[in-house]
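What follows is the content of start.cif (mmCIF, N, CA, C and O atoms).
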data_protein
#
loop_
_atom_site.label_atom_id
_atom_site.label_comp_id
_atom_site.auth_asym_id
_atom_site.auth_seq_id
_atom_site.Cartn_x
_atom_site.Cartn_y
_atom_site.Cartn_z
N MET P 931 69.76 17.79 51.46
CA MET P 931 69.19 16.69 52.22
C MET P 931 67.94 16.14 51.55
O MET P 931 67.70 14.94 51.60
N THR P 932 67.16 17.00 50.91
CA THR P 932 65.94 16.54 50.25
C THR P 932 66.26 15.58 49.11
O THR P 932 65.58 14.57 48.93
N TRP P 933 67.30 15.91 48.33
CA TRP P 933 67.67 15.04 47.21
C TRP P 933 68.16 13.68 47.69
O TRP P 933 67.90 12.65 47.05
N VAL P 934 68.83 13.66 48.81
CA VAL P 934 69.29 12.38 49.36
C VAL P 934 68.07 11.52 49.71
O VAL P 934 68.04 10.31 49.41
N ALA P 935 67.06 12.12 50.33
CA ALA P 935 65.84 11.38 50.68
C ALA P 935 65.13 10.89 49.42
O ALA P 935 64.62 9.76 49.39
N ILE P 936 65.08 11.71 48.39
CA ILE P 936 64.42 11.31 47.15
C ILE P 936 65.14 10.14 46.50
O ILE P 936 64.52 9.15 46.09
N PHE P 937 66.47 10.23 46.42
CA PHE P 937 67.23 9.14 45.80
C PHE P 937 67.18 7.86 46.65
O PHE P 937 67.11 6.76 46.11
N ALA P 938 67.19 8.00 47.97
CA ALA P 938 67.10 6.82 48.84
C ALA P 938 65.73 6.16 48.69
O ALA P 938 65.64 4.92 48.62
N THR P 939 64.68 6.96 48.59
CA THR P 939 63.34 6.40 48.39
C THR P 939 63.23 5.72 47.04
O THR P 939 62.66 4.63 46.92
N ALA P 940 63.79 6.34 46.01
CA ALA P 940 63.77 5.73 44.67
C ALA P 940 64.54 4.41 44.66
O ALA P 940 64.08 3.42 44.06
N ALA P 941 65.69 4.38 45.32
CA ALA P 941 66.47 3.14 45.38
C ALA P 941 65.71 2.06 46.14
O ALA P 941 65.72 0.88 45.74
N GLY P 942 65.05 2.44 47.23
CA GLY P 942 64.26 1.47 47.99
C GLY P 942 63.10 0.92 47.17
O GLY P 942 62.82 -0.28 47.20
N CYS P 943 62.42 1.78 46.42
CA CYS P 943 61.32 1.32 45.56
C CYS P 943 61.83 0.38 44.48
O CYS P 943 61.20 -0.63 44.17
N PHE P 944 62.98 0.73 43.90
CA PHE P 944 63.55 -0.14 42.86
C PHE P 944 63.92 -1.49 43.45
O PHE P 944 63.66 -2.54 42.84
N ALA P 945 64.52 -1.49 44.64
CA ALA P 945 64.91 -2.76 45.28
C ALA P 945 63.69 -3.60 45.60
O ALA P 945 63.71 -4.83 45.43
N LEU P 946 62.62 -2.97 46.06
CA LEU P 946 61.39 -3.71 46.36
C LEU P 946 60.79 -4.31 45.09
O LEU P 946 60.34 -5.46 45.08
N LYS P 947 60.80 -3.54 44.01
CA LYS P 947 60.28 -4.04 42.73
C LYS P 947 61.15 -5.21 42.24
O LYS P 947 60.63 -6.22 41.76
N LEU P 948 62.46 -5.06 42.35
CA LEU P 948 63.37 -6.13 41.93
C LEU P 948 63.16 -7.39 42.77
O LEU P 948 63.17 -8.50 42.24
N ALA P 949 62.93 -7.22 44.05
CA ALA P 949 62.66 -8.38 44.92
C ALA P 949 61.38 -9.08 44.50
O ALA P 949 61.31 -10.31 44.51
N GLY P 950 60.37 -8.31 44.11
CA GLY P 950 59.13 -8.92 43.64
C GLY P 950 59.32 -9.72 42.37
O GLY P 950 58.75 -10.80 42.20
N TRP P 951 60.12 -9.20 41.45
CA TRP P 951 60.38 -9.92 40.20
C TRP P 951 61.26 -11.15 40.43
O TRP P 951 61.25 -12.09 39.63
N SER P 952 62.03 -11.14 41.51
CA SER P 952 62.95 -12.25 41.78
C SER P 952 62.27 -13.43 42.46
O SER P 952 62.86 -14.51 42.55
N LEU P 953 61.06 -13.26 42.96
CA LEU P 953 60.37 -14.36 43.64
C LEU P 953 59.98 -15.45 42.65
O LEU P 953 59.57 -15.15 41.52
N PRO P 954 60.07 -16.70 43.06
CA PRO P 954 59.62 -17.79 42.18
C PRO P 954 58.10 -17.73 41.98
O PRO P 954 57.35 -17.30 42.85
N ALA P 955 57.66 -18.16 40.83
CA ALA P 955 56.23 -18.10 40.49
C ALA P 955 55.39 -18.94 41.44
O ALA P 955 54.25 -18.59 41.74
N ARG P 956 55.94 -20.03 41.96
CA ARG P 956 55.15 -20.89 42.84
C ARG P 956 54.76 -20.18 44.13
O ARG P 956 53.72 -20.47 44.72
N LEU P 957 55.57 -19.22 44.59
CA LEU P 957 55.21 -18.46 45.78
C LEU P 957 54.08 -17.47 45.49
O LEU P 957 53.24 -17.21 46.34
N LEU P 958 54.08 -16.93 44.29
CA LEU P 958 53.07 -15.93 43.93
C LEU P 958 51.73 -16.55 43.58
O LEU P 958 50.73 -15.84 43.52
N GLU P 959 51.69 -17.85 43.35
CA GLU P 959 50.45 -18.51 42.96
C GLU P 959 49.63 -19.00 44.16
O GLU P 959 48.55 -19.56 43.97
N ARG P 960 50.11 -18.79 45.35
CA ARG P 960 49.37 -19.23 46.53
C ARG P 960 48.09 -18.42 46.68
O ARG P 960 48.07 -17.21 46.48
N GLU P 961 47.01 -19.12 47.06
CA GLU P 961 45.70 -18.47 47.15
C GLU P 961 45.68 -17.38 48.21
O GLU P 961 45.10 -16.30 48.00
N ARG P 962 46.31 -17.62 49.33
CA ARG P 962 46.31 -16.64 50.41
C ARG P 962 46.99 -15.33 49.99
O ARG P 962 46.52 -14.24 50.29
N LEU P 963 48.10 -15.44 49.28
CA LEU P 963 48.82 -14.27 48.80
C LEU P 963 48.01 -13.52 47.74
O LEU P 963 47.98 -12.28 47.74
N GLN P 964 47.32 -14.24 46.88
CA GLN P 964 46.50 -13.59 45.86
C GLN P 964 45.32 -12.85 46.48
O GLN P 964 44.97 -11.76 46.04
N ARG P 965 44.71 -13.41 47.53
CA ARG P 965 43.61 -12.72 48.21
C ARG P 965 44.12 -11.45 48.89
O ARG P 965 43.47 -10.40 48.83
N ALA P 966 45.27 -11.55 49.52
CA ALA P 966 45.84 -10.37 50.19
C ALA P 966 46.19 -9.29 49.17
O ALA P 966 45.94 -8.10 49.40
N ALA P 967 46.74 -9.70 48.04
CA ALA P 967 47.11 -8.73 47.00
C ALA P 967 45.88 -8.07 46.40
O ALA P 967 45.92 -6.90 46.02
N ALA P 968 44.77 -8.79 46.34
CA ALA P 968 43.54 -8.20 45.79
C ALA P 968 42.93 -7.19 46.76
O ALA P 968 42.31 -6.21 46.33
N LEU P 969 43.10 -7.40 48.06
CA LEU P 969 42.50 -6.51 49.06
C LEU P 969 43.41 -5.34 49.45
O LEU P 969 42.93 -4.36 50.02
N LEU P 970 44.67 -5.42 49.14
CA LEU P 970 45.62 -4.39 49.56
C LEU P 970 45.30 -3.00 48.99
O LEU P 970 45.33 -2.02 49.74
N PRO P 971 44.97 -2.85 47.71
CA PRO P 971 44.65 -1.50 47.21
C PRO P 971 43.45 -0.88 47.92
O PRO P 971 43.44 0.32 48.19
N LEU P 972 42.45 -1.68 48.25
CA LEU P 972 41.29 -1.18 48.97
C LEU P 972 41.67 -0.68 50.35
O LEU P 972 41.23 0.39 50.78
N ALA P 973 42.51 -1.42 51.04
CA ALA P 973 42.96 -1.00 52.37
C ALA P 973 43.78 0.28 52.31
O ALA P 973 43.61 1.18 53.14
N LEU P 974 44.65 0.40 51.32
CA LEU P 974 45.45 1.61 51.18
C LEU P 974 44.58 2.81 50.85
O LEU P 974 44.78 3.90 51.39
N LEU P 975 43.61 2.65 49.97
CA LEU P 975 42.72 3.74 49.62
C LEU P 975 41.89 4.18 50.82
O LEU P 975 41.73 5.37 51.08
N ALA P 976 41.40 3.22 51.59
CA ALA P 976 40.63 3.55 52.79
C ALA P 976 41.49 4.31 53.79
O ALA P 976 41.03 5.29 54.40
N ALA P 977 42.73 3.90 53.95
CA ALA P 977 43.63 4.60 54.87
C ALA P 977 43.88 6.03 54.41
O ALA P 977 43.89 6.96 55.22
N LEU P 978 44.08 6.23 53.11
CA LEU P 978 44.28 7.58 52.60
C LEU P 978 43.06 8.46 52.81
O LEU P 978 43.17 9.63 53.17
N VAL P 979 41.88 7.90 52.58
CA VAL P 979 40.65 8.67 52.77
C VAL P 979 40.50 9.08 54.23
O VAL P 979 40.18 10.23 54.54
N VAL P 980 40.76 8.17 55.14
CA VAL P 980 40.62 8.48 56.57
C VAL P 980 41.63 9.55 56.99
O VAL P 980 41.28 10.50 57.69
N VAL P 981 42.86 9.42 56.54
CA VAL P 981 43.88 10.41 56.91
C VAL P 981 43.53 11.78 56.35
O VAL P 981 43.63 12.79 57.05
N GLN P 982 43.09 11.84 55.10
CA GLN P 982 42.75 13.13 54.51
C GLN P 982 41.47 13.73 55.09
O GLN P 982 41.29 14.94 55.08
N THR P 983 40.58 12.90 55.58
CA THR P 983 39.32 13.40 56.11
C THR P 983 39.44 13.85 57.56
O THR P 983 38.89 14.89 57.92
N PHE P 984 40.14 13.12 58.37
CA PHE P 984 40.13 13.38 59.81
C PHE P 984 41.43 13.95 60.36
O PHE P 984 41.62 13.97 61.57
N SER P 985 42.33 14.44 59.50
CA SER P 985 43.56 15.03 60.03
C SER P 985 43.74 16.45 59.51
O SER P 985 43.29 16.80 58.42
N ASP P 986 44.40 17.23 60.35
CA ASP P 986 44.74 18.59 59.99
C ASP P 986 46.15 18.84 60.51
O ASP P 986 46.34 19.26 61.64
N GLY P 987 47.11 18.54 59.69
CA GLY P 987 48.49 18.63 60.16
C GLY P 987 48.80 17.48 61.09
O GLY P 987 48.82 16.33 60.70
N ARG P 988 48.96 17.80 62.36
CA ARG P 988 49.29 16.76 63.34
C ARG P 988 48.17 16.50 64.32
O ARG P 988 48.38 15.89 65.37
N SER P 989 46.96 16.97 64.03
CA SER P 989 45.85 16.76 64.96
C SER P 989 44.65 16.15 64.23
O SER P 989 44.53 16.25 63.01
N LEU P 990 43.80 15.53 65.02
CA LEU P 990 42.57 14.95 64.48
C LEU P 990 41.45 15.99 64.56
O LEU P 990 41.32 16.68 65.56
N VAL P 991 40.66 16.07 63.51
CA VAL P 991 39.55 17.02 63.47
C VAL P 991 38.32 16.36 62.88
O VAL P 991 38.41 15.40 62.12
N ILE P 992 37.17 16.86 63.29
CA ILE P 992 35.91 16.46 62.65
C ILE P 992 35.29 17.74 62.14
O ILE P 992 34.89 18.61 62.93
N ASP P 993 35.23 17.89 60.83
CA ASP P 993 34.71 19.11 60.23
C ASP P 993 33.83 18.77 59.04
O ASP P 993 33.27 17.66 58.97
N ALA P 994 33.72 19.66 58.10
CA ALA P 994 32.84 19.47 56.95
C ALA P 994 33.27 18.28 56.09
O ALA P 994 32.44 17.65 55.44
N ARG P 995 34.54 17.96 56.11
CA ARG P 995 35.01 16.80 55.32
C ARG P 995 34.38 15.51 55.82
O ARG P 995 34.04 14.63 55.02
N ALA P 996 34.22 15.39 57.13
CA ALA P 996 33.59 14.19 57.69
C ALA P 996 32.13 14.09 57.27
O ALA P 996 31.64 13.00 56.94
N ALA P 997 31.44 15.22 57.24
CA ALA P 997 30.04 15.22 56.77
C ALA P 997 29.98 14.84 55.29
O ALA P 997 29.09 14.09 54.88
N GLY P 998 30.90 15.34 54.50
CA GLY P 998 30.95 14.97 53.08
C GLY P 998 31.21 13.50 52.88
O GLY P 998 30.61 12.84 52.03
N LEU P 999 32.12 12.95 53.70
CA LEU P 999 32.41 11.51 53.62
C LEU P 999 31.19 10.69 54.01
O LEU P 999 30.88 9.68 53.36
N ALA P 1000 30.49 11.11 55.05
CA ALA P 1000 29.28 10.39 55.47
C ALA P 1000 28.21 10.44 54.38
O ALA P 1000 27.57 9.42 54.08
N ALA P 1001 28.03 11.60 53.77
CA ALA P 1001 27.05 11.72 52.68
C ALA P 1001 27.46 10.87 51.49
O ALA P 1001 26.61 10.23 50.85
N ALA P 1002 28.75 10.82 51.19
CA ALA P 1002 29.22 9.97 50.10
C ALA P 1002 28.97 8.50 50.41
O ALA P 1002 28.59 7.72 49.53
N GLY P 1003 29.17 8.12 51.67
CA GLY P 1003 28.89 6.74 52.06
C GLY P 1003 27.43 6.37 51.88
O GLY P 1003 27.12 5.27 51.40
N VAL P 1004 26.54 7.28 52.23
CA VAL P 1004 25.11 7.03 52.03
C VAL P 1004 24.80 6.90 50.54
O VAL P 1004 24.04 6.02 50.12
N ALA P 1005 25.40 7.77 49.73
CA ALA P 1005 25.16 7.70 48.28
C ALA P 1005 25.68 6.40 47.69
O ALA P 1005 25.05 5.81 46.81
N VAL P 1006 26.81 5.93 48.19
CA VAL P 1006 27.36 4.65 47.70
C VAL P 1006 26.43 3.50 48.10
O VAL P 1006 26.18 2.59 47.31
N LEU P 1007 25.95 3.54 49.34
CA LEU P 1007 25.03 2.48 49.79
C LEU P 1007 23.74 2.46 48.98
O LEU P 1007 23.13 1.41 48.80
N ARG P 1008 23.34 3.63 48.49
CA ARG P 1008 22.13 3.70 47.66
C ARG P 1008 22.44 3.43 46.18
O ARG P 1008 21.60 3.61 45.33
N ARG P 1009 23.69 3.03 45.92
CA ARG P 1009 24.16 2.64 44.59
C ARG P 1009 24.07 3.78 43.57
O ARG P 1009 23.70 3.58 42.41
N ALA P 1010 24.43 4.97 44.00
CA ALA P 1010 24.45 6.12 43.09
C ALA P 1010 25.68 6.01 42.18
O ALA P 1010 26.70 5.44 42.57
N PRO P 1011 25.60 6.58 40.98
CA PRO P 1011 26.79 6.61 40.11
C PRO P 1011 27.91 7.42 40.76
O PRO P 1011 27.68 8.29 41.60
N PHE P 1012 29.13 7.17 40.32
CA PHE P 1012 30.30 7.79 40.94
C PHE P 1012 30.23 9.31 40.90
O PHE P 1012 30.54 9.98 41.89
N ILE P 1013 29.83 9.89 39.79
CA ILE P 1013 29.77 11.35 39.68
C ILE P 1013 28.75 11.92 40.66
O ILE P 1013 28.96 12.99 41.25
N VAL P 1014 27.66 11.20 40.88
CA VAL P 1014 26.65 11.64 41.85
C VAL P 1014 27.22 11.58 43.26
O VAL P 1014 26.98 12.48 44.08
N VAL P 1015 27.99 10.55 43.55
CA VAL P 1015 28.63 10.43 44.86
C VAL P 1015 29.55 11.63 45.10
O VAL P 1015 29.53 12.25 46.18
N LEU P 1016 30.33 12.00 44.10
CA LEU P 1016 31.23 13.15 44.23
C LEU P 1016 30.46 14.45 44.44
O LEU P 1016 30.82 15.27 45.29
N ILE P 1017 29.39 14.63 43.68
CA ILE P 1017 28.60 15.85 43.80
C ILE P 1017 27.93 15.93 45.16
O ILE P 1017 27.91 16.99 45.80
N VAL P 1018 27.38 14.83 45.63
CA VAL P 1018 26.74 14.80 46.94
C VAL P 1018 27.75 15.12 48.04
O VAL P 1018 27.47 15.92 48.95
N ALA P 1019 28.92 14.53 47.97
CA ALA P 1019 29.95 14.77 48.99
C ALA P 1019 30.39 16.23 48.97
O ALA P 1019 30.50 16.87 50.03
N ALA P 1020 30.65 16.76 47.79
CA ALA P 1020 31.10 18.16 47.69
C ALA P 1020 30.02 19.13 48.15
O ALA P 1020 30.30 20.10 48.87
N ALA P 1021 28.79 18.88 47.74
CA ALA P 1021 27.69 19.77 48.14
C ALA P 1021 27.47 19.73 49.64
O ALA P 1021 27.26 20.77 50.28
N THR P 1022 27.52 18.55 50.22
CA THR P 1022 27.34 18.43 51.67
C THR P 1022 28.45 19.15 52.42
O THR P 1022 28.18 19.90 53.37
N ALA P 1023 29.68 18.97 52.00
CA ALA P 1023 30.80 19.66 52.65
C ALA P 1023 30.66 21.17 52.50
O ALA P 1023 30.91 21.93 53.45
N ALA P 1024 30.25 21.62 51.33
CA ALA P 1024 30.07 23.06 51.10
C ALA P 1024 28.98 23.63 51.99
O ALA P 1024 29.14 24.72 52.56
N VAL P 1025 27.86 22.93 52.11
CA VAL P 1025 26.77 23.41 52.94
C VAL P 1025 27.19 23.46 54.42
O VAL P 1025 26.92 24.43 55.12
N VAL P 1026 27.87 22.43 54.87
CA VAL P 1026 28.32 22.41 56.27
C VAL P 1026 29.32 23.53 56.53
O VAL P 1026 29.26 24.20 57.57
N ARG P 1027 30.22 23.77 55.60
CA ARG P 1027 31.18 24.87 55.77
C ARG P 1027 30.46 26.22 55.78
O ARG P 1027 30.85 27.12 56.51
N ALA P 1028 29.45 26.35 54.95
CA ALA P 1028 28.72 27.62 54.89
C ALA P 1028 27.93 27.87 56.17
O ALA P 1028 27.79 29.01 56.61
N VAL P 1029 27.40 26.82 56.76
CA VAL P 1029 26.57 26.96 57.96
C VAL P 1029 27.43 27.22 59.19
O VAL P 1029 27.05 27.99 60.06
N THR P 1030 28.60 26.59 59.26
CA THR P 1030 29.44 26.73 60.46
C THR P 1030 30.41 27.88 60.34
O THR P 1030 30.76 28.41 59.41
#
Take the structure I supplied and represent it as structure tokens, if you would.
Amino acid sequence: MTWVAIFATAAGCFALKLAGWSLPARLLERERLQRAAALLPLALLAALVVVQTFSDGRSLVIDARAAGLAAAGVAVLRRAPFIVVLIVAAATAAVVRAVT
């Protein structure tokens, strides 16, 4: 059953890619579509971060990961380099886990 799901997903991805290549160029040049395409990766990344931070299997949790995310947000707002953001988030999560 797993292989059937894998092949069905692969076929669906291929069909979606083929549909994208089949669209006329005039549809892809619309300003509204280009703005949406530019913002889509950001929305997907934000959704992944939220799911990984606030979920534990099938339940919602607030734990050290949320504190790490908040610390990373503060570091980003203060325009810290990316490596510093990662270190701040990891250190904050580690400290919160150690304390609780």
Could you please write out, as a PyMOL selection string, every residue of chain P that DSSP assigns to alpha helix (DSSP H)? chain P and resi 932-952+955-958+961-984+994-1007+1012-1029
Filtered DSSP result for stretch 948-1022 of chain P, state strand (DSSP E or B), as a PyMOL selection string: chain P and resi 985-986+989-990
One number please: atom CA of P:Ala1002 to atom CA of P:Val1018, in Å, one decimal.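 Separating atom CA of P:Ala1002 from atom CA of P:Val1018 is a distance of 6.3 Å.
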Around (30.9, 19.6, 55.1) in the file's frame, which residues reach within 10 Å when counting only C-alpha atoms? Return as an MDAnalysis selection string? chainID P and resid 992:1001 1019:1030
Computed interatomic separation between atom N of P:Val991 and atom C of P:Leu975 (Å): 17.4 Å
Which distance in Å separates atom N of P:Trp933 and atom C of P:Ser985, to one decimal?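 A separation of 26.1 Å between them.
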